[in-house]
Amino acid sequence: MKKHFIKFLILLLVIFAWVRCAKNFPTDEDGLLITTRGQCYVGNFELLGADFQTVRTAAAVIDTTAQTINTTVMFGTDLKNLFPQFSLVTDAKLDPKITGKVDFSDLANPKKWTVVSGNRLVRKTYTVYITVQPKP
Amino acid sequence: MQRKYLSLITVMLVAIFFSSCQDKEYALPLGKTGLNNDCIKRTLGPNIVGANIEFAYAMALPASEGKIVSSQVVATIAGATGTYLENRSFYTNSSGVDVGITVGSASVTTDVKTMVTFTKDTCAATLRYFYTIPEAARGGSVSFKFSATASNGQTVSYDMGPYTITTMDMKLDLVCTDNKAMYLSIADMALYDAAGAAANAANIDLVYLYRNIAGITFTHALVSPAASTDYLPGVTLPTGVNKSTKMSKTWALNDFNLARLQYGIYIDDVDFKVLDFTNAPNFVINLKAQAGTWVETADGKYRAYIYINAVNNTAPSMTVSIKRYKMK
């Protein structure tokens, strides 16, 4: 009886270990879930100043075909200290990551971010064009 | 064997049952005898030179043992003018209002000691102590010894502190007026008109202006004299006014000492030390009430936080309050 019990226990442990190690939910290098979604676009774009208030004069124009974002910021905006915020399609992520203030002052060389789809197979690079409201 | 264990468990359960159901005799708690005291600090946030630290000092003894004769506070550094110990004992009425009952003569301050002599026959009182922080305490620390004496000769004391006194300065409610008192000096914590600015040109850090320009939002602005003329439209700077002050705009950083609103936010010395002005601009425009700006003077000697208390678009003006920290 005791012998059978030990055998059953070992079998149970092996099954448990095997199930635990099976990779049913793959994740990427950031630990984010890789899903089946192939959509890859920016839904909304916000630009905040050092005071975390918007610096836009109107909603940003997002062209998902041309992969561009155009926005006009207020006269006097401090372009060296801005916080961009992207709203992406479900499961997508941004590369490179935004970790703090971004310097947009070099208007001739607009900043670029790549949107990576949920299945991590589609990558689309968006260019952010900023126009400063001209002095009248 | 099994039976033996069962009997043992049963005995234990019965014992627990009996002990938990046993009634304990209730006895009225006895009050403390003799003179007792307690103290709390009522003010929160940094202790700034010129501002008050407020305490509530309570003392009591059973009526049968005597009455309170005197109460005193000894500070390690003598308080500035305005330091006093209340001669009224406060209670909070049903409407939540603090009501004061006079229990002694007005306090007498001699150097580090502030004392109230009781004139009413009372065995319990709570007195408030307001310590106006003197210049001598800046950057140091201060402690207090509260004590009370009863008619039966008993004396009690309570130590409070030490409390760190900030290095920073504070100036409240400076009214910047467009084309008049528009030159702000962080070093002097003062506003100047054009003539005053010319006379103190080396100390002028910012220019206040209000402009209502069609097509853009400019309104109230604080601009360095050295900033682009795009941000100083119609301003002719006095001779020698040419500093470039680094700035970082904020919103809703309603410091309690500056705003005097309901928000429990306090800017302390340490906040100035950790600021990073790399790539900071030298102007901020479109300022509104409850906005503010961190500032670093051109020579790096001072860092400050300028809070906008109020703005007036009709008679262009802006009320600001400042906390300033000396860096070197």
# chains A, B, ... in the order shown; residues from 1 in each chain; ligands from 1
$ interface_residues --of "chain A" --to "chain B" --cutoff "7 Å" --atoms "only C-alpha atoms" --output "VMD selection string"
chain A and resid 50 to 51 75 to 76 78 80 136
$ residues_around --residues "stretch 115-123 of chain A" --least-positions-apart "2" --cutoff "12 Å" --atoms "only C-alpha atoms" --output "number ranges by chain"
A: 25-30, 32-43, 64, 67-68, 86-97, 112-113, 125-127
$ atom_distance --atom1 "atom CA of B:Glu65" --atom2 "atom CA of B:Lys145"
24.0 Å
$ closest_residue --among "B:Ala58, B:Tyr302, B:Gln262, B:Ser64" --to "B:Tyr91" --atoms "only C-alpha atoms"
B:Ala58
$ residues_around --residues "B:Val112" --least-positions-apart "6" --cutoff "10 Å" --atoms "only C-alpha atoms" --output "tab-separated table (two decimals) with C-alpha atoms, in the first residue's frame"
chain	number	residue	atom	x	y	z
B	73	VAL	CA	7.91	77.18	28.16
B	74	VAL	CA	11.66	77.34	27.76
B	75	ALA	CA	13.02	77.28	24.22
B	76	THR	CA	16.64	76.49	23.39
B	77	ILE	CA	16.74	79.64	21.22
B	78	ALA	CA	14.81	82.77	22.22
B	79	GLY	CA	11.74	83.29	20.00
B	80	ALA	CA	11.35	86.36	17.83
B	83	THR	CA	6.29	84.60	20.68
B	144	PHE	CA	11.18	73.21	24.05
$ closest_residue --among "B:Lys32, B:Arg260, B:Lys24, B:Lys113" --to "B:Tyr84" --atoms "only C-alpha atoms"
B:Lys113
$ select_by_dssp --residues "chain A" --states "strand (DSSP E)" --output "PyMOL selection string"
chain A and resi 42-48+61-63+68-73+83-88+93-95+111-116+123-132
$ residues_around --residues "B:Lys243" --least-positions-apart "4" --cutoff "10 Å" --atoms "only C-alpha atoms" --output "PDB file with N, CA and C atoms, in the first residue's frame"
ATOM      1  N   ALA B 201      20.014  97.040 -10.662  1.00  0.00           N
ATOM      2  CA  ALA B 201      20.055  96.246 -11.898  1.00  0.00           C
ATOM      3  C   ALA B 201      20.690  94.872 -11.698  1.00  0.00           C
ATOM      4  N   ALA B 202      21.701  94.796 -10.872  1.00  0.00           N
ATOM      5  CA  ALA B 202      22.412  93.522 -10.682  1.00  0.00           C
ATOM      6  C   ALA B 202      21.548  92.474 -10.000  1.00  0.00           C
ATOM      7  N   ASN B 203      20.472  92.912  -9.347  1.00  0.00           N
ATOM      8  CA  ASN B 203      19.644  91.969  -8.588  1.00  0.00           C
ATOM      9  C   ASN B 203      18.330  91.603  -9.279  1.00  0.00           C
ATOM     10  N   ILE B 204      18.092  92.179 -10.454  1.00  0.00           N
ATOM     11  CA  ILE B 204      16.806  91.916 -11.125  1.00  0.00           C
ATOM     12  C   ILE B 204      16.891  90.589 -11.884  1.00  0.00           C
ATOM     13  N   ASP B 205      15.985  89.682 -11.536  1.00  0.00           N
ATOM     14  CA  ASP B 205      16.000  88.348 -12.151  1.00  0.00           C
ATOM     15  C   ASP B 205      14.881  88.131 -13.157  1.00  0.00           C
ATOM     16  N   LEU B 206      13.743  88.780 -12.922  1.00  0.00           N
ATOM     17  CA  LEU B 206      12.579  88.515 -13.782  1.00  0.00           C
ATOM     18  C   LEU B 206      11.787  89.784 -14.057  1.00  0.00           C
ATOM     19  N   SER B 224      12.793  86.346 -18.164  1.00  0.00           N
ATOM     20  CA  SER B 224      14.136  86.833 -17.829  1.00  0.00           C
ATOM     21  C   SER B 224      14.455  88.043 -18.692  1.00  0.00           C
ATOM     22  N   PRO B 225      15.186  88.983 -18.149  1.00  0.00           N
ATOM     23  CA  PRO B 225      15.567  90.140 -18.971  1.00  0.00           C
ATOM     24  C   PRO B 225      16.346  89.718 -20.220  1.00  0.00           C
ATOM     25  N   ALA B 226      17.102  88.587 -20.113  1.00  0.00           N
ATOM     26  CA  ALA B 226      17.929  88.150 -21.243  1.00  0.00           C
ATOM     27  C   ALA B 226      17.173  87.286 -22.245  1.00  0.00           C
ATOM     28  N   ALA B 227      15.883  87.040 -22.003  1.00  0.00           N
ATOM     29  CA  ALA B 227      15.120  86.190 -22.926  1.00  0.00           C
ATOM     30  C   ALA B 227      14.910  86.897 -24.256  1.00  0.00           C
ATOM     31  N   ASN B 282      14.172  80.321 -20.074  1.00  0.00           N
ATOM     32  CA  ASN B 282      14.332  81.499 -19.217  1.00  0.00           C
ATOM     33  C   ASN B 282      13.101  82.402 -19.271  1.00  0.00           C
ATOM     34  N   THR B 297      18.475  81.430 -10.134  1.00  0.00           N
ATOM     35  CA  THR B 297      19.062  82.696 -10.575  1.00  0.00           C
ATOM     36  C   THR B 297      20.287  82.430 -11.455  1.00  0.00           C
ATOM     37  N   ALA B 298      20.633  83.427 -12.251  1.00  0.00           N
ATOM     38  CA  ALA B 298      21.709  83.276 -13.242  1.00  0.00           C
ATOM     39  C   ALA B 298      23.020  82.832 -12.600  1.00  0.00           C
ATOM     40  N   ASP B 299      23.312  83.342 -11.410  1.00  0.00           N
ATOM     41  CA  ASP B 299      24.574  82.981 -10.746  1.00  0.00           C
ATOM     42  C   ASP B 299      24.461  81.684  -9.945  1.00  0.00           C
TER      43      ASP B 299
END
$ atom_distance --atom1 "atom CA of B:Asn242" --atom2 "atom CA of A:Pro134"
25.5 Å
$ select_by_dssp --residues "stretch 202-268 of chain B" --states "helix (DSSP H, G or I)" --output "list in words"
Ala202, Asn203, Thr229, Asp230, Tyr231, Phe256, Asn257, Leu258 and Ala259 of chain B
$ write_last_selection --atoms "all heavy atoms" --output "PDB file, in the first residue's frame"
ATOM      1  N   ALA B 202      21.701  94.796 -10.872  1.00  0.00           N
ATOM      2  CA  ALA B 202      22.412  93.522 -10.682  1.00  0.00           C
ATOM      3  C   ALA B 202      21.548  92.474 -10.000  1.00  0.00           C
ATOM      4  O   ALA B 202      21.850  91.275 -10.055  1.00  0.00           O
ATOM      5  CB  ALA B 202      23.669  93.771  -9.857  1.00  0.00           C
ATOM      6  N   ASN B 203      20.472  92.912  -9.347  1.00  0.00           N
ATOM      7  CA  ASN B 203      19.644  91.969  -8.588  1.00  0.00           C
ATOM      8  C   ASN B 203      18.330  91.603  -9.279  1.00  0.00           C
ATOM      9  O   ASN B 203      17.535  90.849  -8.724  1.00  0.00           O
ATOM     10  CB  ASN B 203      19.317  92.550  -7.208  1.00  0.00           C
ATOM     11  CG  ASN B 203      20.533  92.580  -6.306  1.00  0.00           C
ATOM     12  OD1 ASN B 203      21.543  91.948  -6.611  1.00  0.00           O
ATOM     13  ND2 ASN B 203      20.454  93.332  -5.232  1.00  0.00           N
ATOM     14  N   THR B 229      13.382  88.867 -27.265  1.00  0.00           N
ATOM     15  CA  THR B 229      12.448  90.013 -27.214  1.00  0.00           C
ATOM     16  C   THR B 229      11.041  89.599 -27.630  1.00  0.00           C
ATOM     17  O   THR B 229      10.083  90.330 -27.386  1.00  0.00           O
ATOM     18  CB  THR B 229      12.954  91.157 -28.104  1.00  0.00           C
ATOM     19  OG1 THR B 229      13.251  90.610 -29.392  1.00  0.00           O
ATOM     20  CG2 THR B 229      14.184  91.824 -27.519  1.00  0.00           C
ATOM     21  N   ASP B 230      10.918  88.414 -28.242  1.00  0.00           N
ATOM     22  CA  ASP B 230       9.575  87.894 -28.587  1.00  0.00           C
ATOM     23  C   ASP B 230       8.718  87.762 -27.339  1.00  0.00           C
ATOM     24  O   ASP B 230       7.492  87.827 -27.401  1.00  0.00           O
ATOM     25  CB  ASP B 230       9.699  86.495 -29.217  1.00  0.00           C
ATOM     26  CG  ASP B 230      10.190  86.564 -30.646  1.00  0.00           C
ATOM     27  OD1 ASP B 230      10.284  87.688 -31.173  1.00  0.00           O
ATOM     28  OD2 ASP B 230      10.502  85.496 -31.212  1.00  0.00           O
ATOM     29  N   TYR B 231       9.393  87.522 -26.200  1.00  0.00           N
ATOM     30  CA  TYR B 231       8.655  87.317 -24.945  1.00  0.00           C
ATOM     31  C   TYR B 231       8.633  88.574 -24.079  1.00  0.00           C
ATOM     32  O   TYR B 231       8.145  88.530 -22.951  1.00  0.00           O
ATOM     33  CB  TYR B 231       9.276  86.144 -24.171  1.00  0.00           C
ATOM     34  CG  TYR B 231       9.348  84.896 -25.017  1.00  0.00           C
ATOM     35  CD1 TYR B 231      10.573  84.391 -25.434  1.00  0.00           C
ATOM     36  CD2 TYR B 231       8.188  84.265 -25.444  1.00  0.00           C
ATOM     37  CE1 TYR B 231      10.637  83.266 -26.244  1.00  0.00           C
ATOM     38  CE2 TYR B 231       8.247  83.151 -26.263  1.00  0.00           C
ATOM     39  CZ  TYR B 231       9.473  82.654 -26.665  1.00  0.00           C
ATOM     40  OH  TYR B 231       9.526  81.547 -27.466  1.00  0.00           O
ATOM     41  N   PHE B 256       1.206  74.866   0.905  1.00  0.00           N
ATOM     42  CA  PHE B 256       0.303  75.349   1.955  1.00  0.00           C
ATOM     43  C   PHE B 256       0.728  76.712   2.496  1.00  0.00           C
ATOM     44  O   PHE B 256      -0.103  77.587   2.726  1.00  0.00           O
ATOM     45  CB  PHE B 256       0.227  74.332   3.100  1.00  0.00           C
ATOM     46  CG  PHE B 256      -0.795  74.685   4.141  1.00  0.00           C
ATOM     47  CD1 PHE B 256      -2.121  74.348   3.979  1.00  0.00           C
ATOM     48  CD2 PHE B 256      -0.431  75.377   5.286  1.00  0.00           C
ATOM     49  CE1 PHE B 256      -3.076  74.691   4.920  1.00  0.00           C
ATOM     50  CE2 PHE B 256      -1.377  75.734   6.244  1.00  0.00           C
ATOM     51  CZ  PHE B 256      -2.699  75.381   6.055  1.00  0.00           C
ATOM     52  N   ASN B 257       2.028  76.892   2.702  1.00  0.00           N
ATOM     53  CA  ASN B 257       2.519  78.155   3.260  1.00  0.00           C
ATOM     54  C   ASN B 257       2.304  79.320   2.301  1.00  0.00           C
ATOM     55  O   ASN B 257       2.033  80.442   2.725  1.00  0.00           O
ATOM     56  CB  ASN B 257       4.008  78.058   3.594  1.00  0.00           C
ATOM     57  CG  ASN B 257       4.300  76.970   4.603  1.00  0.00           C
ATOM     58  OD1 ASN B 257       5.056  76.063   4.333  1.00  0.00           O
ATOM     59  ND2 ASN B 257       3.678  77.047   5.761  1.00  0.00           N
ATOM     60  N   LEU B 258       2.430  79.052   0.999  1.00  0.00           N
ATOM     61  CA  LEU B 258       2.302  80.126   0.012  1.00  0.00           C
ATOM     62  C   LEU B 258       0.841  80.336  -0.402  1.00  0.00           C
ATOM     63  O   LEU B 258       0.365  81.461  -0.479  1.00  0.00           O
ATOM     64  CB  LEU B 258       3.140  79.806  -1.233  1.00  0.00           C
ATOM     65  CG  LEU B 258       4.645  79.591  -1.021  1.00  0.00           C
ATOM     66  CD1 LEU B 258       5.326  79.249  -2.325  1.00  0.00           C
ATOM     67  CD2 LEU B 258       5.289  80.832  -0.411  1.00  0.00           C
ATOM     68  N   ALA B 259       0.151  79.237  -0.673  1.00  0.00           N
ATOM     69  CA  ALA B 259      -1.219  79.343  -1.189  1.00  0.00           C
ATOM     70  C   ALA B 259      -2.224  79.633  -0.081  1.00  0.00           C
ATOM     71  O   ALA B 259      -3.227  80.292  -0.312  1.00  0.00           O
ATOM     72  CB  ALA B 259      -1.587  78.045  -1.895  1.00  0.00           C
TER      73      ALA B 259
END
$ decode --residues "stretch 18-50 of chain A" --atoms "N, CA, C and O atoms" --output "PDB file, in the first residue's frame"
ATOM      1  N   TRP A  18       5.510  19.373 -15.092  1.00  0.00           N
ATOM      2  CA  TRP A  18       5.398  19.446 -16.553  1.00  0.00           C
ATOM      3  C   TRP A  18       4.384  20.521 -16.968  1.00  0.00           C
ATOM      4  O   TRP A  18       4.610  21.322 -17.840  1.00  0.00           O
ATOM      5  N   VAL A  19       3.268  20.536 -16.245  1.00  0.00           N
ATOM      6  CA  VAL A  19       2.211  21.515 -16.540  1.00  0.00           C
ATOM      7  C   VAL A  19       2.717  22.926 -16.247  1.00  0.00           C
ATOM      8  O   VAL A  19       2.500  23.856 -16.999  1.00  0.00           O
ATOM      9  N   ARG A  20       3.418  23.089 -15.128  1.00  0.00           N
ATOM     10  CA  ARG A  20       3.932  24.396 -14.720  1.00  0.00           C
ATOM     11  C   ARG A  20       4.911  24.955 -15.744  1.00  0.00           C
ATOM     12  O   ARG A  20       4.976  26.144 -15.957  1.00  0.00           O
ATOM     13  N   CYS A  21       5.690  24.076 -16.381  1.00  0.00           N
ATOM     14  CA  CYS A  21       6.729  24.544 -17.295  1.00  0.00           C
ATOM     15  C   CYS A  21       6.201  24.795 -18.702  1.00  0.00           C
ATOM     16  O   CYS A  21       6.886  25.396 -19.516  1.00  0.00           O
ATOM     17  N   ALA A  22       5.017  24.327 -19.010  1.00  0.00           N
ATOM     18  CA  ALA A  22       4.484  24.529 -20.364  1.00  0.00           C
ATOM     19  C   ALA A  22       4.246  26.007 -20.607  1.00  0.00           C
ATOM     20  O   ALA A  22       3.692  26.700 -19.749  1.00  0.00           O
ATOM     21  N   LYS A  23       4.685  26.522 -21.739  1.00  0.00           N
ATOM     22  CA  LYS A  23       4.588  27.958 -22.021  1.00  0.00           C
ATOM     23  C   LYS A  23       3.357  28.229 -22.871  1.00  0.00           C
ATOM     24  O   LYS A  23       3.426  28.337 -24.084  1.00  0.00           O
ATOM     25  N   ASN A  24       2.215  28.383 -22.185  1.00  0.00           N
ATOM     26  CA  ASN A  24       0.972  28.629 -22.926  1.00  0.00           C
ATOM     27  C   ASN A  24       0.805  30.097 -23.265  1.00  0.00           C
ATOM     28  O   ASN A  24       0.126  30.448 -24.210  1.00  0.00           O
ATOM     29  N   PHE A  25       1.387  30.996 -22.439  1.00  0.00           N
ATOM     30  CA  PHE A  25       1.199  32.444 -22.619  1.00  0.00           C
ATOM     31  C   PHE A  25       2.552  33.090 -22.839  1.00  0.00           C
ATOM     32  O   PHE A  25       3.192  33.536 -21.894  1.00  0.00           O
ATOM     33  N   PRO A  26       3.000  33.195 -24.077  1.00  0.00           N
ATOM     34  CA  PRO A  26       4.335  33.752 -24.333  1.00  0.00           C
ATOM     35  C   PRO A  26       4.386  35.243 -24.024  1.00  0.00           C
ATOM     36  O   PRO A  26       3.404  35.955 -24.240  1.00  0.00           O
ATOM     37  N   THR A  27       5.498  35.683 -23.537  1.00  0.00           N
ATOM     38  CA  THR A  27       5.700  37.112 -23.255  1.00  0.00           C
ATOM     39  C   THR A  27       6.944  37.594 -23.997  1.00  0.00           C
ATOM     40  O   THR A  27       7.799  36.806 -24.374  1.00  0.00           O
ATOM     41  N   ASP A  28       7.012  38.920 -24.172  1.00  0.00           N
ATOM     42  CA  ASP A  28       8.175  39.478 -24.881  1.00  0.00           C
ATOM     43  C   ASP A  28       9.264  39.871 -23.885  1.00  0.00           C
ATOM     44  O   ASP A  28       9.165  39.569 -22.689  1.00  0.00           O
ATOM     45  N   GLU A  29      10.276  40.570 -24.388  1.00  0.00           N
ATOM     46  CA  GLU A  29      11.425  40.909 -23.535  1.00  0.00           C
ATOM     47  C   GLU A  29      11.065  41.860 -22.395  1.00  0.00           C
ATOM     48  O   GLU A  29      11.801  41.976 -21.406  1.00  0.00           O
ATOM     49  N   ASP A  30       9.908  42.543 -22.518  1.00  0.00           N
ATOM     50  CA  ASP A  30       9.467  43.442 -21.447  1.00  0.00           C
ATOM     51  C   ASP A  30       8.518  42.745 -20.471  1.00  0.00           C
ATOM     52  O   ASP A  30       7.976  43.390 -19.569  1.00  0.00           O
ATOM     53  N   GLY A  31       8.290  41.449 -20.720  1.00  0.00           N
ATOM     54  CA  GLY A  31       7.367  40.715 -19.860  1.00  0.00           C
ATOM     55  C   GLY A  31       5.918  40.956 -20.237  1.00  0.00           C
ATOM     56  O   GLY A  31       5.003  40.603 -19.491  1.00  0.00           O
ATOM     57  N   LEU A  32       5.699  41.571 -21.396  1.00  0.00           N
ATOM     58  CA  LEU A  32       4.328  41.847 -21.848  1.00  0.00           C
ATOM     59  C   LEU A  32       3.822  40.663 -22.667  1.00  0.00           C
ATOM     60  O   LEU A  32       4.596  40.013 -23.390  1.00  0.00           O
ATOM     61  N   LEU A  33       2.519  40.441 -22.569  1.00  0.00           N
ATOM     62  CA  LEU A  33       1.898  39.312 -23.247  1.00  0.00           C
ATOM     63  C   LEU A  33       1.946  39.489 -24.766  1.00  0.00           C
ATOM     64  O   LEU A  33       1.608  40.551 -25.292  1.00  0.00           O
ATOM     65  N   ILE A  34       2.372  38.450 -25.478  1.00  0.00           N
ATOM     66  CA  ILE A  34       2.308  38.465 -26.933  1.00  0.00           C
ATOM     67  C   ILE A  34       0.974  37.830 -27.312  1.00  0.00           C
ATOM     68  O   ILE A  34       0.685  36.700 -26.934  1.00  0.00           O
ATOM     69  N   THR A  35       0.174  38.623 -28.027  1.00  0.00           N
ATOM     70  CA  THR A  35      -1.172  38.148 -28.346  1.00  0.00           C
ATOM     71  C   THR A  35      -1.275  37.847 -29.838  1.00  0.00           C
ATOM     72  O   THR A  35      -0.263  37.829 -30.547  1.00  0.00           O
ATOM     73  N   THR A  36      -2.486  37.642 -30.318  1.00  0.00           N
ATOM     74  CA  THR A  36      -2.681  37.319 -31.737  1.00  0.00           C
ATOM     75  C   THR A  36      -2.998  38.557 -32.566  1.00  0.00           C
ATOM     76  O   THR A  36      -3.142  38.478 -33.777  1.00  0.00           O
ATOM     77  N   ARG A  37      -3.108  39.705 -31.905  1.00  0.00           N
ATOM     78  CA  ARG A  37      -3.515  40.932 -32.603  1.00  0.00           C
ATOM     79  C   ARG A  37      -2.408  41.454 -33.516  1.00  0.00           C
ATOM     80  O   ARG A  37      -1.273  41.626 -33.088  1.00  0.00           O
ATOM     81  N   GLY A  38      -2.803  41.752 -34.764  1.00  0.00           N
ATOM     82  CA  GLY A  38      -1.835  42.261 -35.737  1.00  0.00           C
ATOM     83  C   GLY A  38      -2.008  43.738 -36.011  1.00  0.00           C
ATOM     84  O   GLY A  38      -1.215  44.354 -36.725  1.00  0.00           O
ATOM     85  N   GLN A  39      -3.052  44.360 -35.404  1.00  0.00           N
ATOM     86  CA  GLN A  39      -3.286  45.795 -35.627  1.00  0.00           C
ATOM     87  C   GLN A  39      -2.120  46.607 -35.064  1.00  0.00           C
ATOM     88  O   GLN A  39      -1.543  46.220 -34.036  1.00  0.00           O
ATOM     89  N   CYS A  40      -1.840  47.732 -35.732  1.00  0.00           N
ATOM     90  CA  CYS A  40      -0.647  48.488 -35.350  1.00  0.00           C
ATOM     91  C   CYS A  40      -0.842  49.961 -35.725  1.00  0.00           C
ATOM     92  O   CYS A  40      -0.538  50.361 -36.841  1.00  0.00           O
ATOM     93  N   TYR A  41      -1.408  50.721 -34.817  1.00  0.00           N
ATOM     94  CA  TYR A  41      -1.601  52.147 -35.123  1.00  0.00           C
ATOM     95  C   TYR A  41      -1.716  52.984 -33.845  1.00  0.00           C
ATOM     96  O   TYR A  41      -1.945  52.451 -32.756  1.00  0.00           O
ATOM     97  N   VAL A  42      -1.572  54.305 -34.028  1.00  0.00           N
ATOM     98  CA  VAL A  42      -1.713  55.261 -32.920  1.00  0.00           C
ATOM     99  C   VAL A  42      -3.147  55.786 -32.944  1.00  0.00           C
ATOM    100  O   VAL A  42      -3.629  56.214 -33.993  1.00  0.00           O
ATOM    101  N   GLY A  43      -3.816  55.747 -31.821  1.00  0.00           N
ATOM    102  CA  GLY A  43      -5.194  56.216 -31.752  1.00  0.00           C
ATOM    103  C   GLY A  43      -5.285  57.672 -31.352  1.00  0.00           C
ATOM    104  O   GLY A  43      -6.133  58.415 -31.830  1.00  0.00           O
ATOM    105  N   ASN A  44      -4.402  58.089 -30.477  1.00  0.00           N
ATOM    106  CA  ASN A  44      -4.450  59.479 -29.989  1.00  0.00           C
ATOM    107  C   ASN A  44      -3.041  59.914 -29.589  1.00  0.00           C
ATOM    108  O   ASN A  44      -2.195  59.080 -29.231  1.00  0.00           O
ATOM    109  N   PHE A  45      -2.807  61.219 -29.659  1.00  0.00           N
ATOM    110  CA  PHE A  45      -1.489  61.744 -29.287  1.00  0.00           C
ATOM    111  C   PHE A  45      -1.671  62.999 -28.440  1.00  0.00           C
ATOM    112  O   PHE A  45      -2.463  63.880 -28.780  1.00  0.00           O
ATOM    113  N   GLU A  46      -0.962  63.047 -27.343  1.00  0.00           N
ATOM    114  CA  GLU A  46      -1.036  64.206 -26.434  1.00  0.00           C
ATOM    115  C   GLU A  46       0.387  64.709 -26.183  1.00  0.00           C
ATOM    116  O   GLU A  46       1.347  63.917 -26.213  1.00  0.00           O
ATOM    117  N   LEU A  47       0.505  65.978 -25.950  1.00  0.00           N
ATOM    118  CA  LEU A  47       1.810  66.566 -25.665  1.00  0.00           C
ATOM    119  C   LEU A  47       1.657  67.484 -24.451  1.00  0.00           C
ATOM    120  O   LEU A  47       0.875  68.440 -24.480  1.00  0.00           O
ATOM    121  N   LEU A  48       2.380  67.150 -23.377  1.00  0.00           N
ATOM    122  CA  LEU A  48       2.269  67.923 -22.137  1.00  0.00           C
ATOM    123  C   LEU A  48       3.543  68.715 -21.877  1.00  0.00           C
ATOM    124  O   LEU A  48       4.643  68.252 -22.192  1.00  0.00           O
ATOM    125  N   GLY A  49       3.362  69.893 -21.283  1.00  0.00           N
ATOM    126  CA  GLY A  49       4.507  70.728 -20.925  1.00  0.00           C
ATOM    127  C   GLY A  49       5.098  70.298 -19.589  1.00  0.00           C
ATOM    128  O   GLY A  49       4.659  69.316 -18.980  1.00  0.00           O
ATOM    129  N   ALA A  50       6.088  71.060 -19.114  1.00  0.00           N
ATOM    130  CA  ALA A  50       6.738  70.739 -17.833  1.00  0.00           C
ATOM    131  C   ALA A  50       5.737  70.760 -16.681  1.00  0.00           C
ATOM    132  O   ALA A  50       5.942  70.119 -15.652  1.00  0.00           O
TER     133      ALA A  50
END
